[in-house]
Amino acid sequence: MQFLKDTNVDFLGKRKLAAIFSFLLIIIGLVSLIMHGGPNEGIDFTGGTTIRLKFEKPIQVGEIRDILSDIGQGKSEIKKLGEGGEVLISVEQQSNIGEISDLITNELSNKIPDNKFEILERDTVGPRIGKELERAAVWAVLSALVLILIYISYRFEFKFAVGAVVALFHDVIITIGVFSVLNLEISLAVVAAFLTIVGYSLNDTIVVFDRIRENLKVMRREEYTTIFNTSINQTLSRTILTSLTTFLVVIILFLFGGEVIHNFSFALLVGIIVGTYSSIFVASPLVVEWQLSQDKKKIRR
């Protein structure tokens with residue numbers, strides 16, 4: 001199916017504006033990270049306890065917070081899961097981490113005896129394990145990018161590989177920046193979303209690069225920018241269709257998937273938008289600039 005036929009958009013002609021736009025987004029994200037002292041890490045990385053409870057009757061977050069304030073846990077993160085009585089309570093790392101879970105459940109039982117609850121899930125992460133998970137998450141993302149660099153260098157050329165990896169860095173950094181600006185929590189699920197974004201964005205970029213490689217042989221007498229523009233326009237319909245269908249699925253997940261996967265699906269939403277943009281306005285223009293720079297050096301020689 002191709003709903004955009006014979007498009008002739010000068011994408012490469014707008015590469016400087018796109019570079020300024022990307023630069024501004026990255027700067028805003030980095031400034032936000034500095035002001036917040038880094039990303040808002042979840043219990044997976046900082047250590048702590050999460051308790052998922054299901055009350056017989058619906059209960060308000062404010063009521064639970066008032067009860068927890070009596071035992072010094074008023075700053076705990078409390079989320080309602082759906083419209084029923086399911087609640088997720090997250091408590092940051094403390095010295096008595098093994099006792100805090102029992103303290104919370106006992107206090108809730110004593111203060112609201114007419115609304116019984118059951119413990120659906122209880123997880124505890126120590127600070128040492130949290131730091132190990134943080135290192136593992138960083139290495140997972142970096143390892144994926146290095147392997148992608150090697151793969152694309154083998155399949156295409158090194159300059160194509162650099163363009164693709166820079167575009168992937170661009171996608172992840174901007175997504176982290178959005179999370180920082182909105183002060184959203186980064187958990188292991190969100191890191192999984194980052195890796196998904198890397199794979200999704202790379203897939204789009206590879207499709208464009210593959211068409212460029214074909215056109216470099218067919219249109220060898222044309223200018224480099226013309227070849228790239230033609231290739232992007234030829235794959236534009238496929239790119240938009242893929243992005244649109246994926247976006248619709250993820251936005252349904254975001255709206256109706258519940259609080260537990262809210263941040264995960266939001267990261268995917270941002271990643272799909274940024275990844276589609278970077279495949280057109282970041283990866284390809286970088287390769288063009290590299291080639292034009294090489295051509296200038298040859299002329300000087």
# chains A, B, ... in the order shown; residues from 1 in each chain; ligands from 1

call {"tool": "residues_around", "arguments": {"residues": "Val162 (chain A)", "least_positions_apart": "2", "cutoff": "10 Å", "atoms": "only C-alpha atoms", "output": "ChimeraX atom specification"}}
result
/A:148-150,152-153,157-160,164-168,283,286-287,290

call {"tool": "residues_around", "arguments": {"residues": "Thr205 (chain A)", "least_positions_apart": "2", "cutoff": "9 Å", "atoms": "only C-alpha atoms", "output": "JSON, numbers by chain"}}
result
{"A": [164, 167, 200, 201, 202, 203, 207, 208, 209, 210, 275, 276, 278, 279, 280, 283, 284]}

call {"tool": "write_last_selection", "arguments": {"atoms": "N, CA and C atoms", "output": "mmCIF file, in the first residue's frame"}}
result
data_model
loop_
_atom_site.group_PDB
_atom_site.id
_atom_site.type_symbol
_atom_site.label_atom_id
_atom_site.label_comp_id
_atom_site.auth_asym_id
_atom_site.auth_seq_id
_atom_site.Cartn_x
_atom_site.Cartn_y
_atom_site.Cartn_z
ATOM 1 N N ALA A 164 23.752 6.386 11.578
ATOM 2 C CA ALA A 164 22.685 5.637 12.252
ATOM 3 C C ALA A 164 22.846 5.678 13.769
ATOM 4 N N ALA A 167 22.063 9.044 15.241
ATOM 5 C CA ALA A 167 20.605 9.215 15.258
ATOM 6 C C ALA A 167 19.979 8.458 16.437
ATOM 7 N N TYR A 200 13.525 0.106 16.886
ATOM 8 C CA TYR A 200 12.510 0.664 15.980
ATOM 9 C C TYR A 200 13.125 1.717 15.068
ATOM 10 N N SER A 201 13.857 2.651 15.654
ATOM 11 C CA SER A 201 14.467 3.734 14.875
ATOM 12 C C SER A 201 15.478 3.183 13.870
ATOM 13 N N LEU A 202 16.228 2.175 14.315
ATOM 14 C CA LEU A 202 17.219 1.572 13.418
ATOM 15 C C LEU A 202 16.538 0.930 12.211
ATOM 16 N N ASN A 203 15.418 0.270 12.439
ATOM 17 C CA ASN A 203 14.698 -0.374 11.349
ATOM 18 C C ASN A 203 14.302 0.638 10.271
ATOM 19 N N VAL A 207 15.925 0.915 6.299
ATOM 20 C CA VAL A 207 15.098 0.933 5.086
ATOM 21 C C VAL A 207 15.519 2.086 4.170
ATOM 22 N N VAL A 208 15.703 3.269 4.753
ATOM 23 C CA VAL A 208 16.131 4.436 3.970
ATOM 24 C C VAL A 208 17.523 4.213 3.390
ATOM 25 N N PHE A 209 18.440 3.714 4.217
ATOM 26 C CA PHE A 209 19.817 3.479 3.761
ATOM 27 C C PHE A 209 19.873 2.442 2.645
ATOM 28 N N ASP A 210 19.011 1.437 2.739
ATOM 29 C CA ASP A 210 18.997 0.396 1.712
ATOM 30 C C ASP A 210 18.578 0.972 0.354
ATOM 31 N N GLY A 275 12.100 8.871 16.670
ATOM 32 C CA GLY A 275 12.800 7.921 15.812
ATOM 33 C C GLY A 275 12.452 8.098 14.344
ATOM 34 N N THR A 276 11.176 8.357 14.056
ATOM 35 C CA THR A 276 10.766 8.614 12.672
ATOM 36 C C THR A 276 11.417 9.890 12.149
ATOM 37 N N SER A 278 14.241 11.279 13.236
ATOM 38 C CA SER A 278 15.697 11.153 13.107
ATOM 39 C C SER A 278 16.110 10.329 11.896
ATOM 40 N N SER A 279 15.275 9.373 11.493
ATOM 41 C CA SER A 279 15.593 8.566 10.309
ATOM 42 C C SER A 279 15.678 9.435 9.060
ATOM 43 N N ILE A 280 14.880 10.504 9.043
ATOM 44 C CA ILE A 280 14.835 11.393 7.873
ATOM 45 C C ILE A 280 15.762 12.588 8.035
ATOM 46 N N ALA A 283 19.926 10.972 10.536
ATOM 47 C CA ALA A 283 20.844 9.945 10.011
ATOM 48 C C ALA A 283 21.316 10.279 8.593
ATOM 49 N N SER A 284 20.388 10.499 7.680
ATOM 50 C CA SER A 284 20.749 10.768 6.279
ATOM 51 C C SER A 284 21.536 12.073 6.105
#

call {"tool": "residues_around", "arguments": {"residues": "region 25-36 of chain A", "least_positions_apart": "6", "cutoff": "6 Å", "atoms": "only C-alpha atoms", "output": "PyMOL selection string"}}
result
chain A and resi 174+177+180-181

call {"tool": "write_last_selection", "arguments": {"atoms": "N, CA and C atoms", "output": "short mmCIF file (atom, residue, chain, number, x, y, z; two decimals), in the first residue's frame"}}
result
data_model
loop_
_atom_site.label_atom_id
_atom_site.label_comp_id
_atom_site.auth_asym_id
_atom_site.auth_seq_id
_atom_site.Cartn_x
_atom_site.Cartn_y
_atom_site.Cartn_z
N ILE A 174 17.01 12.50 23.72
CA ILE A 174 15.82 13.35 23.72
C ILE A 174 14.71 12.72 24.56
N GLY A 177 15.52 13.23 28.05
CA GLY A 177 15.29 14.64 28.34
C GLY A 177 13.83 14.95 28.59
N SER A 180 12.95 13.81 31.95
CA SER A 180 13.49 14.71 32.97
C SER A 180 12.66 15.98 33.09
N VAL A 181 12.27 16.56 31.94
CA VAL A 181 11.45 17.79 31.95
C VAL A 181 10.12 17.54 32.66
#

call {"tool": "select_by_dssp", "arguments": {"residues": "region 69-287 of chain A", "states": "strand (DSSP E)", "output": "list in words"}}
result
Glu77, Ile78, Lys79, Lys80, Glu86, Val87, Leu88, Ile89, Ser90, Val91, Glu92, Phe117, Glu118, Ile119, Leu120, Glu121, Arg122, Asp123, Thr124 and Val125 of chain A

call {"tool": "write_last_selection", "arguments": {"atoms": "N, CA and C atoms", "output": "tab-separated table (two decimals), in the first residue's frame"}}
result
chain	number	residue	atom	x	y	z
A	77	GLU	N	5.44	7.05	47.10
A	77	GLU	CA	4.69	7.19	45.84
A	77	GLU	C	3.51	6.23	45.87
A	78	ILE	N	2.32	6.78	45.64
A	78	ILE	CA	1.10	5.98	45.69
A	78	ILE	C	0.36	6.13	44.37
A	79	LYS	N	0.05	5.02	43.72
A	79	LYS	CA	-0.65	5.05	42.43
A	79	LYS	C	-1.88	4.15	42.48
A	80	LYS	N	-2.98	4.66	41.95
A	80	LYS	CA	-4.17	3.83	41.78
A	80	LYS	C	-4.06	3.11	40.45
A	86	GLU	N	-7.31	-1.35	43.47
A	86	GLU	CA	-5.91	-1.78	43.38
A	86	GLU	C	-4.98	-0.57	43.50
A	87	VAL	N	-3.96	-0.70	44.35
A	87	VAL	CA	-3.06	0.41	44.64
A	87	VAL	C	-1.62	-0.09	44.66
A	88	LEU	N	-0.71	0.75	44.16
A	88	LEU	CA	0.72	0.44	44.19
A	88	LEU	C	1.42	1.47	45.07
A	89	ILE	N	2.09	1.01	46.12
A	89	ILE	CA	2.82	1.89	47.03
A	89	ILE	C	4.31	1.63	46.87
A	90	SER	N	5.07	2.70	46.63
A	90	SER	CA	6.53	2.59	46.46
A	90	SER	C	7.21	3.39	47.55
A	91	VAL	N	8.09	2.74	48.29
A	91	VAL	CA	8.81	3.37	49.40
A	91	VAL	C	10.30	3.35	49.08
A	92	GLU	N	10.96	4.49	49.23
A	92	GLU	CA	12.38	4.59	48.91
A	92	GLU	C	13.22	3.80	49.90
A	117	PHE	N	-8.03	-5.70	52.55
A	117	PHE	CA	-7.21	-5.75	51.33
A	117	PHE	C	-6.35	-7.02	51.34
A	118	GLU	N	-5.90	-7.38	50.16
A	118	GLU	CA	-4.95	-8.49	50.02
A	118	GLU	C	-3.68	-7.98	49.35
A	119	ILE	N	-2.56	-8.59	49.71
A	119	ILE	CA	-1.27	-8.21	49.14
A	119	ILE	C	-1.06	-9.03	47.86
A	120	LEU	N	-1.08	-8.36	46.72
A	120	LEU	CA	-0.92	-9.05	45.44
A	120	LEU	C	0.55	-9.27	45.11
A	121	GLU	N	1.37	-8.30	45.50
A	121	GLU	CA	2.80	-8.39	45.14
A	121	GLU	C	3.61	-7.54	46.10
A	122	ARG	N	4.80	-8.03	46.44
A	122	ARG	CA	5.68	-7.28	47.32
A	122	ARG	C	7.13	-7.51	46.85
A	123	ASP	N	7.78	-6.43	46.44
A	123	ASP	CA	9.16	-6.53	45.93
A	123	ASP	C	10.07	-5.61	46.72
A	124	THR	N	11.27	-6.10	47.00
A	124	THR	CA	12.27	-5.30	47.70
A	124	THR	C	13.57	-5.34	46.93
A	125	VAL	N	14.15	-4.16	46.69
A	125	VAL	CA	15.42	-4.07	45.98
A	125	VAL	C	16.41	-3.33	46.87

call {"tool": "closest_atom_pairs", "arguments": {"of": "region 30-136 of chain A", "to": "region 235-257 of chain A", "cutoff": "12 Å", "atoms": "only C-alpha atoms", "output": "JSON lines"}}
result
{"residue": "A:Leu81", "atom": "CA", "partner": "A:Gly257", "partner_atom": "CA", "distance": 9.8}
{"residue": "A:Gly82", "atom": "CA", "partner": "A:Phe256", "partner_atom": "CA", "distance": 9.0}
{"residue": "A:Glu83", "atom": "CA", "partner": "A:Phe256", "partner_atom": "CA", "distance": 11.4}

call {"tool": "select_by_dssp", "arguments": {"residues": "region 117-235 of chain A", "states": "alpha helix (DSSP H)", "output": "MDAnalysis selection string"}}
result
chainID A and resid 127:155 158:181 188:218 224:235

call {"tool": "closest_residue", "arguments": {"among": "A:Asp66, A:Trp139, A:Ile51, A:Phe281", "to": "Asp102 (chain A)", "atoms": "only C-alpha atoms"}}
result
A:Ile51

call {"tool": "residues_around", "arguments": {"residues": "Asp70 (chain A)", "least_positions_apart": "5", "cutoff": "12 Å", "atoms": "only C-alpha atoms", "output": "number ranges by chain"}}
result
A: 63-65, 75, 103-104, 107-108, 111

call {"tool": "write_last_selection", "arguments": {"atoms": "N, CA and C atoms", "output": "PDB file, in the first residue's frame"}}
result
ATOM      1  N   GLU A  63      -6.325   9.394  51.126  1.00  0.00           N
ATOM      2  CA  GLU A  63      -6.621   8.679  52.369  1.00  0.00           C
ATOM      3  C   GLU A  63      -5.452   7.791  52.773  1.00  0.00           C
ATOM      4  N   ILE A  64      -4.867   7.102  51.779  1.00  0.00           N
ATOM      5  CA  ILE A  64      -3.713   6.249  52.071  1.00  0.00           C
ATOM      6  C   ILE A  64      -2.525   7.097  52.510  1.00  0.00           C
ATOM      7  N   ARG A  65      -2.315   8.241  51.842  1.00  0.00           N
ATOM      8  CA  ARG A  65      -1.174   9.098  52.171  1.00  0.00           C
ATOM      9  C   ARG A  65      -1.287   9.638  53.605  1.00  0.00           C
ATOM     10  N   LYS A  75       5.710  10.672  52.112  1.00  0.00           N
ATOM     11  CA  LYS A  75       6.310  11.002  50.816  1.00  0.00           C
ATOM     12  C   LYS A  75       6.392   9.802  49.872  1.00  0.00           C
ATOM     13  N   LEU A 103       5.130  -2.800  58.356  1.00  0.00           N
ATOM     14  CA  LEU A 103       4.669  -1.612  59.066  1.00  0.00           C
ATOM     15  C   LEU A 103       3.543  -0.916  58.301  1.00  0.00           C
ATOM     16  N   ILE A 104       3.697  -0.817  56.980  1.00  0.00           N
ATOM     17  CA  ILE A 104       2.685  -0.158  56.145  1.00  0.00           C
ATOM     18  C   ILE A 104       1.392  -0.957  56.123  1.00  0.00           C
ATOM     19  N   GLU A 107      -0.430  -0.810  59.477  1.00  0.00           N
ATOM     20  CA  GLU A 107      -1.033   0.493  59.716  1.00  0.00           C
ATOM     21  C   GLU A 107      -2.325   0.656  58.902  1.00  0.00           C
ATOM     22  N   LEU A 108      -2.305   0.206  57.654  1.00  0.00           N
ATOM     23  CA  LEU A 108      -3.495   0.290  56.810  1.00  0.00           C
ATOM     24  C   LEU A 108      -4.615  -0.581  57.369  1.00  0.00           C
ATOM     25  N   LYS A 111      -6.074   1.242  60.505  1.00  0.00           N
ATOM     26  CA  LYS A 111      -6.770   2.515  60.289  1.00  0.00           C
ATOM     27  C   LYS A 111      -8.040   2.373  59.442  1.00  0.00           C
TER      28      LYS A 111
END

call {"tool": "residues_around", "arguments": {"residues": "Asn229 (chain A)", "least_positions_apart": "3", "cutoff": "9 Å", "atoms": "only C-alpha atoms", "output": "PDB file with N, CA and C atoms, in the first residue's frame"}}
result
ATOM      1  N   ASN A   8       8.083  14.897  -3.662  1.00  0.00           N
ATOM      2  CA  ASN A   8       9.362  15.521  -4.025  1.00  0.00           C
ATOM      3  C   ASN A   8       9.714  16.587  -2.994  1.00  0.00           C
ATOM      4  N   VAL A   9       9.817  16.164  -1.747  1.00  0.00           N
ATOM      5  CA  VAL A   9      10.125  17.075  -0.645  1.00  0.00           C
ATOM      6  C   VAL A   9      11.642  17.207  -0.516  1.00  0.00           C
ATOM      7  N   ASP A  10      12.106  18.428  -0.373  1.00  0.00           N
ATOM      8  CA  ASP A  10      13.543  18.673  -0.230  1.00  0.00           C
ATOM      9  C   ASP A  10      13.942  18.533   1.243  1.00  0.00           C
ATOM     10  N   PHE A  11      14.044  17.284   1.715  1.00  0.00           N
ATOM     11  CA  PHE A  11      14.392  17.035   3.108  1.00  0.00           C
ATOM     12  C   PHE A  11      15.806  17.524   3.435  1.00  0.00           C
ATOM     13  N   LEU A  12      16.727  17.271   2.534  1.00  0.00           N
ATOM     14  CA  LEU A  12      18.123  17.642   2.780  1.00  0.00           C
ATOM     15  C   LEU A  12      18.307  19.157   2.804  1.00  0.00           C
ATOM     16  N   GLY A  13      17.440  19.869   2.090  1.00  0.00           N
ATOM     17  CA  GLY A  13      17.524  21.326   2.106  1.00  0.00           C
ATOM     18  C   GLY A  13      17.152  21.916   3.452  1.00  0.00           C
ATOM     19  N   TYR A 224      24.903  14.021  -4.747  1.00  0.00           N
ATOM     20  CA  TYR A 224      24.667  13.210  -3.557  1.00  0.00           C
ATOM     21  C   TYR A 224      23.360  13.595  -2.865  1.00  0.00           C
ATOM     22  N   THR A 225      23.107  14.894  -2.723  1.00  0.00           N
ATOM     23  CA  THR A 225      21.885  15.354  -2.047  1.00  0.00           C
ATOM     24  C   THR A 225      20.628  14.931  -2.821  1.00  0.00           C
ATOM     25  N   THR A 226      20.720  14.920  -4.151  1.00  0.00           N
ATOM     26  CA  THR A 226      19.580  14.509  -4.984  1.00  0.00           C
ATOM     27  C   THR A 226      19.267  13.034  -4.770  1.00  0.00           C
ATOM     28  N   ILE A 232      14.723   9.114   0.217  1.00  0.00           N
ATOM     29  CA  ILE A 232      13.835   9.381   1.353  1.00  0.00           C
ATOM     30  C   ILE A 232      12.393   9.522   0.885  1.00  0.00           C
ATOM     31  N   ASN A 233      12.199  10.214  -0.240  1.00  0.00           N
ATOM     32  CA  ASN A 233      10.843  10.377  -0.787  1.00  0.00           C
ATOM     33  C   ASN A 233      10.255   9.047  -1.230  1.00  0.00           C
ATOM     34  N   GLN A 234      11.086   8.164  -1.779  1.00  0.00           N
ATOM     35  CA  GLN A 234      10.603   6.863  -2.233  1.00  0.00           C
ATOM     36  C   GLN A 234      10.176   5.974  -1.074  1.00  0.00           C
TER      37      GLN A 234
END

call {"tool": "closest_residue", "arguments": {"among": "A:Phe228, A:Phe179, A:Phe21, A:Phe55", "to": "Gln291 (chain A)", "atoms": "only C-alpha atoms"}}
result
A:Phe228
